[in-house]
>>> print(open('final_19.cif').read())   # mmCIF, C-alpha atoms
data_protein
loop_
_atom_site.label_atom_id
_atom_site.label_comp_id
_atom_site.auth_asym_id
_atom_site.auth_seq_id
_atom_site.Cartn_x
_atom_site.Cartn_y
_atom_site.Cartn_z
CA GLY A 1006 -111.83 23.60 -163.95
CA GLN A 1007 -112.75 20.10 -164.96
CA GLN A 1008 -112.52 17.46 -162.28
CA VAL A 1009 -112.67 13.72 -162.67
CA MET A 1010 -113.18 11.82 -159.45
CA GLN A 1011 -113.04 8.08 -158.95
CA ILE A 1012 -114.36 5.93 -156.15
CA PRO A 1013 -113.30 4.02 -154.28
CA GLN A 1014 -109.72 5.19 -153.79
CA TYR A 1015 -108.62 1.71 -152.74
CA GLN A 1016 -110.19 -1.72 -152.97
CA HIS A 1017 -108.94 -5.00 -151.59
CA VAL A 1018 -110.74 -8.09 -152.82
CA GLN A 1019 -110.29 -11.82 -152.49
CA GLU A 1020 -109.35 -13.53 -155.71
CA GLY A 1021 -112.54 -14.54 -157.48
CA GLU A 1022 -114.59 -11.64 -156.13
CA ASP A 1023 -115.94 -8.92 -158.39
CA PHE A 1024 -114.67 -5.33 -158.46
CA THR A 1025 -116.16 -2.06 -159.67
CA THR A 1026 -114.68 1.42 -159.93
CA TYR A 1027 -116.74 4.51 -160.69
CA CYS A 1028 -115.67 7.64 -162.50
CA ASN A 1029 -117.53 10.94 -162.24
CA SER A 1030 -116.89 14.10 -164.21
CA SER A 1031 -117.97 17.62 -163.31
CA THR A 1032 -118.72 18.26 -166.99
CA THR A 1033 -120.23 16.35 -169.91
CA LEU A 1034 -117.59 14.37 -171.79
CA SER A 1035 -117.37 13.68 -175.51
CA ASN A 1036 -115.65 10.40 -174.70
CA ILE A 1037 -113.91 8.64 -171.85
CA GLN A 1038 -110.84 6.46 -171.75
CA TRP A 1039 -109.73 3.85 -169.23
CA TYR A 1040 -106.14 2.97 -168.40
CA LYS A 1041 -104.49 0.41 -166.13
CA GLN A 1042 -101.17 1.01 -164.41
CA ARG A 1043 -99.45 -1.94 -162.81
CA PRO A 1044 -97.27 -1.29 -159.72
CA GLY A 1045 -93.99 0.19 -160.94
CA GLY A 1046 -95.33 0.42 -164.48
CA HIS A 1047 -96.81 2.94 -166.85
CA PRO A 1048 -100.44 3.56 -167.86
CA VAL A 1049 -101.71 1.17 -170.51
CA PHE A 1050 -104.80 1.97 -172.53
CA LEU A 1051 -107.78 -0.33 -172.02
CA ILE A 1052 -110.71 1.18 -173.90
CA GLN A 1053 -112.44 4.32 -175.16
CA LEU A 1054 -116.20 4.89 -174.87
CA VAL A 1055 -117.91 7.47 -177.04
CA LYS A 1056 -121.67 6.94 -177.12
CA SER A 1057 -124.18 7.75 -174.40
CA GLY A 1058 -125.11 4.56 -172.53
CA GLU A 1059 -122.42 2.56 -174.30
CA VAL A 1060 -121.39 -0.78 -172.82
CA LYS A 1061 -118.27 -2.61 -173.96
CA LYS A 1062 -116.80 -5.90 -172.75
CA GLN A 1063 -113.26 -7.21 -172.80
CA LYS A 1064 -113.25 -10.75 -171.43
CA ARG A 1065 -113.90 -10.25 -167.68
CA LEU A 1066 -113.95 -6.43 -167.91
CA THR A 1067 -117.18 -4.51 -168.57
CA PHE A 1068 -117.08 -0.78 -169.26
CA GLN A 1069 -120.09 1.55 -169.19
CA PHE A 1070 -120.56 5.18 -170.20
CA GLY A 1071 -123.46 6.95 -168.51
CA GLU A 1072 -126.50 8.23 -170.35
CA ALA A 1073 -125.59 11.81 -169.47
CA LYS A 1074 -121.94 11.19 -170.46
CA LYS A 1075 -120.73 12.45 -167.09
CA ASN A 1076 -119.92 9.14 -165.47
CA SER A 1077 -118.47 5.78 -166.30
CA SER A 1078 -117.72 2.50 -164.61
CA LEU A 1079 -115.39 -0.45 -164.94
CA HIS A 1080 -116.48 -3.81 -163.58
CA ILE A 1081 -114.19 -6.81 -163.30
CA THR A 1082 -115.80 -10.20 -162.84
CA ALA A 1083 -113.98 -12.88 -160.83
CA THR A 1084 -110.79 -10.94 -160.18
CA GLN A 1085 -107.41 -12.56 -160.64
CA THR A 1086 -104.02 -11.61 -159.21
CA THR A 1087 -103.09 -10.27 -162.64
CA ASP A 1088 -105.77 -7.58 -162.22
CA VAL A 1089 -103.70 -5.85 -159.52
CA GLY A 1090 -102.94 -2.22 -160.31
CA THR A 1091 -104.44 1.25 -160.44
CA TYR A 1092 -107.30 1.91 -162.81
CA PHE A 1093 -107.67 5.43 -164.17
CA CYS A 1094 -110.40 6.97 -166.24
CA ALA A 1095 -109.46 9.96 -168.39
CA GLY A 1096 -111.72 12.56 -169.94
CA PRO A 1097 -110.94 15.13 -172.65
CA TRP A 1098 -110.62 18.80 -171.86
CA GLY A 1099 -109.90 20.42 -175.20
CA THR A 1100 -108.42 18.85 -178.30
CA TYR A 1101 -105.30 17.18 -176.96
CA LYS A 1102 -105.74 17.39 -173.22
CA TYR A 1103 -107.00 14.46 -171.18
CA ILE A 1104 -107.59 14.84 -167.47
CA PHE A 1105 -106.92 11.68 -165.50
CA GLY A 1106 -109.23 10.65 -162.73
CA THR A 1107 -107.96 10.19 -159.20
CA GLY A 1108 -107.62 6.44 -159.76
CA THR A 1109 -108.69 3.31 -157.92
CA ARG A 1110 -105.98 1.04 -156.58
CA LEU A 1111 -106.95 -2.61 -156.67
CA LYS A 1112 -105.30 -5.29 -154.58
CA VAL A 1113 -106.27 -8.91 -155.08
CA LEU A 1114 -105.62 -11.33 -152.24
CA ALA A 1115 -104.89 -14.88 -153.33
CA ASP B 1201 -94.23 -0.76 -183.69
CA THR B 1202 -96.50 0.43 -180.87
CA GLU B 1203 -93.78 1.49 -178.50
CA VAL B 1204 -92.85 4.75 -176.94
CA THR B 1205 -89.24 4.63 -175.83
CA GLN B 1206 -87.97 6.82 -173.00
CA THR B 1207 -84.41 7.28 -171.83
CA PRO B 1208 -82.99 7.16 -169.29
CA LYS B 1209 -85.11 4.88 -167.10
CA HIS B 1210 -83.63 6.30 -163.92
CA LEU B 1211 -81.91 9.62 -163.28
CA VAL B 1212 -80.39 11.13 -160.16
CA MET B 1213 -79.38 14.75 -160.48
CA GLY B 1214 -78.21 17.56 -158.26
CA MET B 1215 -80.05 20.84 -158.00
CA THR B 1216 -77.41 22.62 -160.08
CA ASN B 1217 -77.25 20.01 -162.85
CA LYS B 1218 -78.61 20.19 -166.36
CA LYS B 1219 -80.03 16.99 -167.83
CA SER B 1220 -82.41 15.94 -170.58
CA LEU B 1221 -85.08 13.29 -170.86
CA LYS B 1222 -85.70 11.77 -174.26
CA CYS B 1223 -88.73 10.18 -175.86
CA GLU B 1224 -89.19 8.54 -179.25
CA GLN B 1225 -92.14 7.06 -181.13
CA HIS B 1226 -92.52 5.68 -184.64
CA MET B 1227 -96.30 5.30 -184.81
CA GLY B 1228 -96.85 8.45 -186.86
CA HIS B 1229 -98.59 10.14 -183.95
CA ARG B 1230 -98.65 13.93 -184.30
CA ALA B 1231 -99.44 14.62 -180.64
CA MET B 1232 -96.80 14.04 -177.98
CA TYR B 1233 -97.08 14.66 -174.26
CA TRP B 1234 -95.08 15.02 -171.08
CA TYR B 1235 -96.73 13.98 -167.83
CA LYS B 1236 -95.45 14.10 -164.28
CA GLN B 1237 -96.61 11.46 -161.81
CA LYS B 1238 -96.02 11.52 -158.08
CA ALA B 1239 -96.41 8.37 -156.04
CA LYS B 1240 -100.02 7.24 -155.61
CA LYS B 1241 -101.29 10.11 -157.76
CA PRO B 1242 -102.65 10.28 -161.30
CA PRO B 1243 -100.46 11.46 -164.18
CA GLU B 1244 -100.47 15.25 -164.38
CA LEU B 1245 -100.19 16.85 -167.81
CA MET B 1246 -97.23 19.18 -168.28
CA PHE B 1247 -96.87 19.86 -172.02
CA VAL B 1248 -98.51 18.90 -175.30
CA TYR B 1249 -96.94 19.15 -178.73
CA SER B 1250 -99.16 18.85 -181.77
CA TYR B 1251 -97.58 18.77 -185.22
CA GLU B 1252 -94.24 19.64 -183.56
CA LYS B 1253 -95.57 22.87 -182.07
CA LEU B 1254 -96.14 23.48 -178.38
CA SER B 1255 -99.90 23.68 -177.97
CA ILE B 1256 -100.33 23.27 -174.21
CA ASN B 1257 -98.13 24.34 -171.31
CA GLU B 1258 -99.86 23.65 -168.03
CA SER B 1259 -98.13 26.54 -166.23
CA VAL B 1260 -95.02 24.46 -165.75
CA PRO B 1261 -92.02 26.23 -164.14
CA SER B 1262 -89.36 27.38 -166.58
CA ARG B 1263 -86.82 25.00 -165.09
CA PHE B 1264 -88.59 22.43 -167.32
CA SER B 1265 -88.05 23.16 -171.00
CA PRO B 1266 -89.65 20.94 -173.66
CA GLU B 1267 -88.42 20.52 -177.20
CA CYS B 1268 -89.79 18.65 -180.21
CA PRO B 1269 -86.98 18.34 -182.80
CA ASN B 1270 -89.15 16.33 -185.22
CA SER B 1271 -92.39 14.36 -185.34
CA SER B 1272 -90.81 11.29 -183.69
CA LEU B 1273 -88.79 12.88 -180.91
CA LEU B 1274 -89.62 14.76 -177.74
CA ASN B 1275 -87.15 16.05 -175.19
CA LEU B 1276 -87.54 17.55 -171.74
CA HIS B 1277 -84.61 19.68 -170.63
CA LEU B 1278 -84.13 19.99 -166.88
CA HIS B 1279 -82.19 22.74 -165.11
CA ALA B 1280 -81.97 23.83 -161.49
CA LEU B 1281 -84.61 21.42 -160.29
CA GLN B 1282 -85.86 21.18 -156.73
CA PRO B 1283 -86.20 18.03 -154.61
CA GLU B 1284 -89.99 18.30 -154.94
CA ASP B 1285 -89.58 17.76 -158.69
CA SER B 1286 -88.63 14.16 -157.99
CA ALA B 1287 -91.25 12.02 -159.72
CA LEU B 1288 -91.93 9.64 -162.58
CA TYR B 1289 -91.87 11.54 -165.88
CA LEU B 1290 -93.97 9.92 -168.55
CA CYS B 1291 -93.94 10.59 -172.27
CA ALA B 1292 -96.95 9.65 -174.38
CA SER B 1293 -98.11 9.98 -177.97
CA SER B 1294 -101.44 9.70 -179.75
CA HIS B 1295 -103.52 10.48 -182.78
CA LEU B 1296 -106.11 13.22 -182.23
CA GLU B 1297 -108.54 12.24 -179.44
CA ARG B 1298 -107.45 8.64 -179.57
CA GLU B 1299 -105.76 6.45 -177.00
CA ALA B 1300 -102.40 7.54 -175.66
CA PHE B 1301 -99.42 5.22 -175.72
CA PHE B 1302 -97.15 5.78 -172.76
CA GLY B 1303 -93.45 5.13 -172.42
CA GLN B 1304 -92.08 3.32 -169.39
CA GLY B 1305 -91.10 6.62 -167.83
CA THR B 1306 -88.02 8.15 -166.26
CA ARG B 1307 -87.81 7.93 -162.47
CA LEU B 1308 -86.16 11.20 -161.52
CA THR B 1309 -84.60 11.90 -158.14
CA VAL B 1310 -83.34 15.39 -157.39
CA VAL B 1311 -80.80 15.55 -154.58
#
>>> encode(input="final_19.cif", output="structure tokens")
Amino acid sequence: GQQVMQIPQYQHVQEGEDFTTYCNSSTTLSNIQWYKQRPGGHPVFLIQLVKSGEVKKQKRLTFQFGEAKKNSSLHITATQTTDVGTYFCAGPWGTYKYIFGTGTRLKVLA
Amino acid sequence: DTEVTQTPKHLVMGMTNKKSLKCEQHMGHRAMYWYKQKAKKPPELMFVYSYEKLSINESVPSRFSPECPNSSLLNLHLHALQPEDSALYLCASSHLEREAFFGQGTRLTVV
């Protein structure tokens, strides 16, 4: 079946450092979504990428979709304590089914 | 209104109890989902309703019974659960292949 793996599993950074999480799918994806889940919270949608090689920015967050549409990345510039949480990518498997990646847990040390 | 409302927020139930989780959205989304999330794990899809019909059941045990009374409501009926079913149960809704909006979840403990 489809698998969506993320690396790293955990990342601790000093506030102000950059952070990147990588998402790899075993199959080609029509699109990919990214979610953030704060500790004790629920997943919140960040962005959806659709086109091969697409790059989108949201303030300090930069999202990329690979040329082969099998991988994606999220890069945060100059992390802040508000960036703490687990970042999940999610890829579609059928019409209504999205498979969540394994997630990367980010801790930011002040 | 971009909220998905889940009740209750917390639930403790015995293995012989029957309880229900409720979910409501008013965004006009025709797809609604139940996910189960264990600590430090990604959300795991359980059921999908599209246009009020069950379209996906991810081989979930029959002690979990979903129901979609109308396009805004989604229930999950629980009966004879096991301690290993303790988890965060998340409801979500979406348009077709668009972003999912998640509720705050029900933290379920089975004793």
>>> resolve_selection(input="final_19.cif", expression="the PyMOL selection byres ((chain A and resi 1111) around 9)", output="PyMOL selection string")
chain A and resi 1014-1018+1024+1088-1092+1109-1110+1112-1113
>>> residues_around(input="final_19.cif", residues="range 1201-1211 of chain B", least_positions_apart="4", cutoff="12 Å", atoms="all atoms listed in the file", output="PDB file with C-alpha atoms, keeping the file's coordinate frame")
ATOM      1  CA  GLY A1045     -93.990   0.190-160.940  1.00  0.00           C
ATOM      2  CA  GLY A1046     -95.330   0.420-164.480  1.00  0.00           C
ATOM      3  CA  HIS A1047     -96.810   2.940-166.850  1.00  0.00           C
ATOM      4  CA  PRO A1048    -100.440   3.560-167.860  1.00  0.00           C
ATOM      5  CA  VAL A1049    -101.710   1.170-170.510  1.00  0.00           C
ATOM      6  CA  PHE A1050    -104.800   1.970-172.530  1.00  0.00           C
TER       7      PHE A1050
ATOM      8  CA  ASN B1217     -77.250  20.010-162.850  1.00  0.00           C
ATOM      9  CA  LYS B1218     -78.610  20.190-166.360  1.00  0.00           C
ATOM     10  CA  LYS B1219     -80.030  16.990-167.830  1.00  0.00           C
ATOM     11  CA  SER B1220     -82.410  15.940-170.580  1.00  0.00           C
ATOM     12  CA  LEU B1221     -85.080  13.290-170.860  1.00  0.00           C
ATOM     13  CA  LYS B1222     -85.700  11.770-174.260  1.00  0.00           C
ATOM     14  CA  CYS B1223     -88.730  10.180-175.860  1.00  0.00           C
ATOM     15  CA  GLU B1224     -89.190   8.540-179.250  1.00  0.00           C
ATOM     16  CA  GLN B1225     -92.140   7.060-181.130  1.00  0.00           C
ATOM     17  CA  HIS B1226     -92.520   5.680-184.640  1.00  0.00           C
ATOM     18  CA  MET B1227     -96.300   5.300-184.810  1.00  0.00           C
ATOM     19  CA  GLY B1228     -96.850   8.450-186.860  1.00  0.00           C
ATOM     20  CA  HIS B1229     -98.590  10.140-183.950  1.00  0.00           C
ATOM     21  CA  MET B1232     -96.800  14.040-177.980  1.00  0.00           C
ATOM     22  CA  TYR B1233     -97.080  14.660-174.260  1.00  0.00           C
ATOM     23  CA  TRP B1234     -95.080  15.020-171.080  1.00  0.00           C
ATOM     24  CA  SER B1272     -90.810  11.290-183.690  1.00  0.00           C
ATOM     25  CA  LEU B1273     -88.790  12.880-180.910  1.00  0.00           C
ATOM     26  CA  LEU B1274     -89.620  14.760-177.740  1.00  0.00           C
ATOM     27  CA  ASN B1275     -87.150  16.050-175.190  1.00  0.00           C
ATOM     28  CA  LEU B1276     -87.540  17.550-171.740  1.00  0.00           C
ATOM     29  CA  LEU B1278     -84.130  19.990-166.880  1.00  0.00           C
ATOM     30  CA  SER B1286     -88.630  14.160-157.990  1.00  0.00           C
ATOM     31  CA  ALA B1287     -91.250  12.020-159.720  1.00  0.00           C
ATOM     32  CA  LEU B1288     -91.930   9.640-162.580  1.00  0.00           C
ATOM     33  CA  TYR B1289     -91.870  11.540-165.880  1.00  0.00           C
ATOM     34  CA  LEU B1290     -93.970   9.920-168.550  1.00  0.00           C
ATOM     35  CA  CYS B1291     -93.940  10.590-172.270  1.00  0.00           C
ATOM     36  CA  ALA B1292     -96.950   9.650-174.380  1.00  0.00           C
ATOM     37  CA  SER B1293     -98.110   9.980-177.970  1.00  0.00           C
ATOM     38  CA  SER B1294    -101.440   9.700-179.750  1.00  0.00           C
ATOM     39  CA  GLU B1299    -105.760   6.450-177.000  1.00  0.00           C
ATOM     40  CA  ALA B1300    -102.400   7.540-175.660  1.00  0.00           C
ATOM     41  CA  PHE B1301     -99.420   5.220-175.720  1.00  0.00           C
ATOM     42  CA  PHE B1302     -97.150   5.780-172.760  1.00  0.00           C
ATOM     43  CA  GLY B1303     -93.450   5.130-172.420  1.00  0.00           C
ATOM     44  CA  GLN B1304     -92.080   3.320-169.390  1.00  0.00           C
ATOM     45  CA  GLY B1305     -91.100   6.620-167.830  1.00  0.00           C
ATOM     46  CA  THR B1306     -88.020   8.150-166.260  1.00  0.00           C
ATOM     47  CA  ARG B1307     -87.810   7.930-162.470  1.00  0.00           C
ATOM     48  CA  LEU B1308     -86.160  11.200-161.520  1.00  0.00           C
ATOM     49  CA  THR B1309     -84.600  11.900-158.140  1.00  0.00           C
ATOM     50  CA  VAL B1310     -83.340  15.390-157.390  1.00  0.00           C
ATOM     51  CA  VAL B1311     -80.800  15.550-154.580  1.00  0.00           C
TER      52      VAL B1311
END
>>> resolve_selection(input="final_19.cif", expression="the PyMOL selection byres ((chain A) within 10 of (chain B))", output="JSON list (two decimals) with C-alpha atoms, keeping the file's coordinate frame")
[["chain", "number", "residue", "atom", "x", "y", "z"],
["A", 1035, "SER", "CA", -117.37, 13.68, -175.51],
["A", 1036, "ASN", "CA", -115.65, 10.40, -174.70],
["A", 1037, "ILE", "CA", -113.91, 8.64, -171.85],
["A", 1038, "GLN", "CA", -110.84, 6.46, -171.75],
["A", 1039, "TRP", "CA", -109.73, 3.85, -169.23],
["A", 1040, "TYR", "CA", -106.14, 2.97, -168.40],
["A", 1042, "GLN", "CA", -101.17, 1.01, -164.41],
["A", 1044, "PRO", "CA", -97.27, -1.29, -159.72],
["A", 1045, "GLY", "CA", -93.99, 0.19, -160.94],
["A", 1046, "GLY", "CA", -95.33, 0.42, -164.48],
["A", 1047, "HIS", "CA", -96.81, 2.94, -166.85],
["A", 1048, "PRO", "CA", -100.44, 3.56, -167.86],
["A", 1049, "VAL", "CA", -101.71, 1.17, -170.51],
["A", 1050, "PHE", "CA", -104.80, 1.97, -172.53],
["A", 1051, "LEU", "CA", -107.78, -0.33, -172.02],
["A", 1052, "ILE", "CA", -110.71, 1.18, -173.90],
["A", 1053, "GLN", "CA", -112.44, 4.32, -175.16],
["A", 1091, "THR", "CA", -104.44, 1.25, -160.44],
["A", 1092, "TYR", "CA", -107.30, 1.91, -162.81],
["A", 1093, "PHE", "CA", -107.67, 5.43, -164.17],
["A", 1094, "CYS", "CA", -110.40, 6.97, -166.24],
["A", 1095, "ALA", "CA", -109.46, 9.96, -168.39],
["A", 1097, "PRO", "CA", -110.94, 15.13, -172.65],
["A", 1099, "GLY", "CA", -109.90, 20.42, -175.20],
["A", 1100, "THR", "CA", -108.42, 18.85, -178.30],
["A", 1101, "TYR", "CA", -105.30, 17.18, -176.96],
["A", 1102, "LYS", "CA", -105.74, 17.39, -173.22],
["A", 1103, "TYR", "CA", -107.00, 14.46, -171.18],
["A", 1104, "ILE", "CA", -107.59, 14.84, -167.47],
["A", 1105, "PHE", "CA", -106.92, 11.68, -165.50],
["A", 1106, "GLY", "CA", -109.23, 10.65, -162.73],
["A", 1107, "THR", "CA", -107.96, 10.19, -159.20],
["A", 1108, "GLY", "CA", -107.62, 6.44, -159.76],
["A", 1109, "THR", "CA", -108.69, 3.31, -157.92],
["A", 1110, "ARG", "CA", -105.98, 1.04, -156.58]]
>>> atom_distance(input="final_19.cif", atom1="CA of Pro1261 in chain B", atom2="CA of Lys1238 in chain B")
16.4 Å
>>> atom_distance(input="final_19.cif", atom1="CA of Pro1013 in chain A", atom2="CA of Lys1074 in chain A")
19.7 Å
>>> resolve_selection(input="final_19.cif", expression="the PyMOL selection byres ((chain A and resi 1026) around 6)", output="PDB file with C-alpha atoms, in the coordinates of the input")
ATOM      1  CA  ILE A1012    -114.360   5.930-156.150  1.00  0.00           C
ATOM      2  CA  THR A1025    -116.160  -2.060-159.670  1.00  0.00           C
ATOM      3  CA  TYR A1027    -116.740   4.510-160.690  1.00  0.00           C
ATOM      4  CA  SER A1078    -117.720   2.500-164.610  1.00  0.00           C
ATOM      5  CA  LEU A1079    -115.390  -0.450-164.940  1.00  0.00           C
TER       6      LEU A1079
END
>>> axis_aligned_box(input="final_19.cif", around="range 1298-1302 of chain B", padding_each_side="6 Å", output="lines of an AutoDock Vina configuration file")
center_x = -102.3
center_y = 6.9
center_z = -176.2
size_x = 22.3
size_y = 15.4
size_z = 18.8
>>> atom_distance(input="final_19.cif", atom1="CA of Ala1115 in chain A", atom2="CA of Gln1085 in chain A")
8.1 Å
